[in-house]
Amino acid sequence: MAAISEAERERLLEAINNQRRPTVTVLSSLLAAQDELGYVPDEAIEEVAALNDTTINEVWGVASFYTNFRFTPPGKHSVEVCWGPTCHLKGASRILRRLMDQLGLDDEGETADGSISFKFNTCLGACSVAPVMSVNHRLSGRLTPEAACERVADLTDASH
Ligand code: FES
């Protein structure tokens, strides 16, 4: 994978060296790195090991244990669809199917052009307006499959 840029390295170092936590650990440092860059690049593993005076293997052990860490850069846009119980009852599975067809995906992940990161969510906290999706962290509720597809089509139109 391509190395991170010098600017990204500076952001990474600042994020892990200036953690506002009473106790700095490998886990807190990995979280700080991912919060800052959106993922944990190889360089973060090395820097977190150095900061915590431990080995790269130890840091990998922690990072790979938690499924919330990602090791590749996220897409430019994020799309999350809730498939929690309320959304499920209100038709989330039809929305999911249509969106995954539109994005050419058969699971969570990045579109082939890397522009969109697609995720399932177990509750976006807006059950009263289910079914719900989040596009670039903005929620839309009472969705139909057509409205969901339109929101995502707007993203791909805007990127070109
Ligand atoms: S179950 Fe979908 S927002 Fe809560």
# chains A, B, ... in the order shown; residues from 1 in each chain; ligands from 1
call {"tool": "select_by_dssp", "arguments": {"residues": "range 31-140 of chain A", "states": "strand (DSSP E or B)", "output": "ChimeraX atom specification"}}
result
/A:77-82,109-110,116-121,133-135,138-140
call {"tool": "write_last_selection", "arguments": {"atoms": "C-alpha atoms", "output": "PDB file, in the first residue's frame"}}
result
ATOM      1  CA  HIS A  77     -17.993   9.474   0.912  1.00  0.00           C
ATOM      2  CA  SER A  78     -19.518   7.310   3.605  1.00  0.00           C
ATOM      3  CA  VAL A  79     -22.882   5.595   3.277  1.00  0.00           C
ATOM      4  CA  GLU A  80     -24.303   3.635   6.201  1.00  0.00           C
ATOM      5  CA  VAL A  81     -27.596   1.815   6.131  1.00  0.00           C
ATOM      6  CA  CYS A  82     -29.262   0.740   9.346  1.00  0.00           C
ATOM      7  CA  GLY A 109     -16.705  -2.154   1.734  1.00  0.00           C
ATOM      8  CA  GLU A 110     -15.489   0.330  -0.843  1.00  0.00           C
ATOM      9  CA  ILE A 116     -17.756   5.394  -1.432  1.00  0.00           C
ATOM     10  CA  SER A 117     -17.383   3.393   1.770  1.00  0.00           C
ATOM     11  CA  PHE A 118     -20.520   1.389   2.398  1.00  0.00           C
ATOM     12  CA  LYS A 119     -21.392  -0.004   5.833  1.00  0.00           C
ATOM     13  CA  PHE A 120     -24.215  -1.658   7.685  1.00  0.00           C
ATOM     14  CA  ASN A 121     -25.165  -0.210  11.053  1.00  0.00           C
ATOM     15  CA  MET A 133     -29.442   5.779   6.359  1.00  0.00           C
ATOM     16  CA  SER A 134     -26.530   8.102   6.893  1.00  0.00           C
ATOM     17  CA  VAL A 135     -24.716   9.776   4.018  1.00  0.00           C
ATOM     18  CA  ARG A 138     -26.114  13.120   7.817  1.00  0.00           C
ATOM     19  CA  LEU A 139     -29.173  11.063   8.570  1.00  0.00           C
ATOM     20  CA  SER A 140     -32.142  10.544   6.274  1.00  0.00           C
TER      21      SER A 140
END
call {"tool": "residues_near_ligand", "arguments": {"ligand": "ligand 1", "cutoff": "7 Å", "atoms": "only C-alpha atoms and all ligand atoms", "output": "list in words"}}
result
Cys82, Trp83, Gly84, Pro85, Thr86, Cys87, Thr122, Cys123, Leu124, Gly125, Ala126, Cys127, Ala130, Pro131 and Val132 of chain A
call {"tool": "residues_around", "arguments": {"residues": "Glu10 in chain A", "least_positions_apart": "2", "cutoff": "12 Å", "atoms": "only C-alpha atoms", "output": "ChimeraX atom specification"}}
result
/A:4-8,12-18,33,36-37,43-44,47
call {"tool": "closest_atom_pairs", "arguments": {"of": "range 65-111 of chain A", "to": "range 26-32 of chain A", "cutoff": "12 Å", "atoms": "only C-alpha atoms", "output": "Markdown table"}}
result
| residue | atom | partner | partner_atom | distance |
| --- | --- | --- | --- | --- |
| A:Phe65 | CA | A:Leu27 | CA | 10.4 |
| A:Tyr66 | CA | A:Leu27 | CA | 9.5 |
| A:Asn68 | CA | A:Leu31 | CA | 9.5 |
| A:Phe69 | CA | A:Leu31 | CA | 8.0 |
| A:Arg70 | CA | A:Leu30 | CA | 10.4 |
| A:Phe71 | CA | A:Leu30 | CA | 11.0 |
call {"tool": "residues_around", "arguments": {"residues": "Asn57 in chain A", "least_positions_apart": "6", "cutoff": "12 Å", "atoms": "only C-alpha atoms", "output": "list in words"}}
result
Val26, Asp42, Ile45, Glu46, Val48, Ala49, Ala50, Ala63 and Ser64 of chain A
call {"tool": "closest_residue", "arguments": {"among": "A:Ala92, A:Val24, A:Leu155, A:Val40", "to": "Gly141 in chain A", "atoms": "only C-alpha atoms"}}
result
A:Ala92
call {"tool": "atom_distance", "arguments": {"atom1": "CA of Ser128 in chain A", "atom2": "CA of Thr144 in chain A"}}
result
15.1 Å
call {"tool": "select_by_dssp", "arguments": {"residues": "range 60-142 of chain A", "states": "helix (DSSP H, G or I)", "output": "compact mmCIF listing (two decimals) with N, CA and C atoms, in the first residue's frame"}}
result
# COMPACT_ATOMS: atom_id res chain seq x y z
N TRP A 60 0.06 -4.86 16.31
CA TRP A 60 -0.77 -5.59 15.34
C TRP A 60 -1.75 -6.50 16.05
N GLY A 61 -1.28 -7.13 17.11
CA GLY A 61 -2.14 -8.03 17.88
C GLY A 61 -3.37 -7.30 18.38
N VAL A 62 -3.16 -6.10 18.92
CA VAL A 62 -4.29 -5.31 19.44
C VAL A 62 -5.15 -4.84 18.27
N ALA A 63 -4.52 -4.27 17.24
CA ALA A 63 -5.27 -3.69 16.13
C ALA A 63 -6.13 -4.74 15.42
N SER A 64 -5.57 -5.93 15.24
CA SER A 64 -6.32 -6.94 14.48
C SER A 64 -7.39 -7.61 15.32
N PHE A 65 -7.33 -7.43 16.64
CA PHE A 65 -8.35 -8.03 17.51
C PHE A 65 -9.69 -7.30 17.38
N PRO A 85 -33.27 -3.68 14.30
CA PRO A 85 -34.61 -4.29 14.33
C PRO A 85 -35.72 -3.40 13.78
N THR A 86 -35.75 -2.13 14.20
CA THR A 86 -36.84 -1.26 13.76
C THR A 86 -36.75 -1.01 12.26
N CYS A 87 -35.54 -0.70 11.79
CA CYS A 87 -35.36 -0.45 10.37
C CYS A 87 -35.65 -1.71 9.56
N HIS A 88 -35.27 -2.84 10.12
CA HIS A 88 -35.54 -4.10 9.43
C HIS A 88 -37.04 -4.28 9.22
N LEU A 89 -37.82 -4.03 10.31
CA LEU A 89 -39.27 -4.18 10.19
C LEU A 89 -39.86 -3.20 9.19
N ALA A 92 -35.74 -2.19 5.66
CA ALA A 92 -34.32 -1.91 5.39
C ALA A 92 -33.70 -2.90 4.41
N SER A 93 -34.17 -4.14 4.42
CA SER A 93 -33.49 -5.13 3.56
C SER A 93 -33.70 -4.79 2.08
N ARG A 94 -34.86 -4.24 1.73
CA ARG A 94 -35.06 -3.84 0.32
C ARG A 94 -34.13 -2.69 -0.05
N ILE A 95 -33.97 -1.76 0.92
CA ILE A 95 -33.06 -0.63 0.68
C ILE A 95 -31.63 -1.12 0.50
N LEU A 96 -31.23 -2.02 1.38
CA LEU A 96 -29.87 -2.57 1.29
C LEU A 96 -29.62 -3.24 -0.05
N ARG A 97 -30.56 -4.05 -0.45
CA ARG A 97 -30.39 -4.79 -1.71
C ARG A 97 -30.25 -3.83 -2.89
N ARG A 98 -31.13 -2.83 -2.92
CA ARG A 98 -31.09 -1.88 -4.05
C ARG A 98 -29.79 -1.08 -4.06
N LEU A 99 -29.37 -0.65 -2.87
CA LEU A 99 -28.15 0.17 -2.82
C LEU A 99 -26.91 -0.66 -3.19
N MET A 100 -26.87 -1.89 -2.71
CA MET A 100 -25.71 -2.72 -3.02
C MET A 100 -25.65 -3.03 -4.51
N ASP A 101 -26.81 -3.21 -5.14
CA ASP A 101 -26.84 -3.37 -6.61
C ASP A 101 -26.28 -2.13 -7.27
N GLN A 102 -26.77 -0.98 -6.80
CA GLN A 102 -26.35 0.29 -7.41
C GLN A 102 -24.84 0.51 -7.26
N LEU A 103 -24.32 0.12 -6.11
CA LEU A 103 -22.89 0.35 -5.85
C LEU A 103 -22.00 -0.78 -6.37
N CYS A 127 -34.59 5.54 15.33
CA CYS A 127 -35.57 4.48 15.05
C CYS A 127 -36.96 5.05 14.77
N SER A 128 -37.29 6.21 15.35
CA SER A 128 -38.64 6.74 15.17
C SER A 128 -38.90 7.15 13.72
N VAL A 129 -37.83 7.33 12.94
CA VAL A 129 -38.04 7.67 11.53
C VAL A 129 -37.50 6.57 10.62
call {"tool": "atom_distance", "arguments": {"atom1": "CA of Cys149 in chain A", "atom2": "CA of Lys90 in chain A"}}
result
16.7 Å
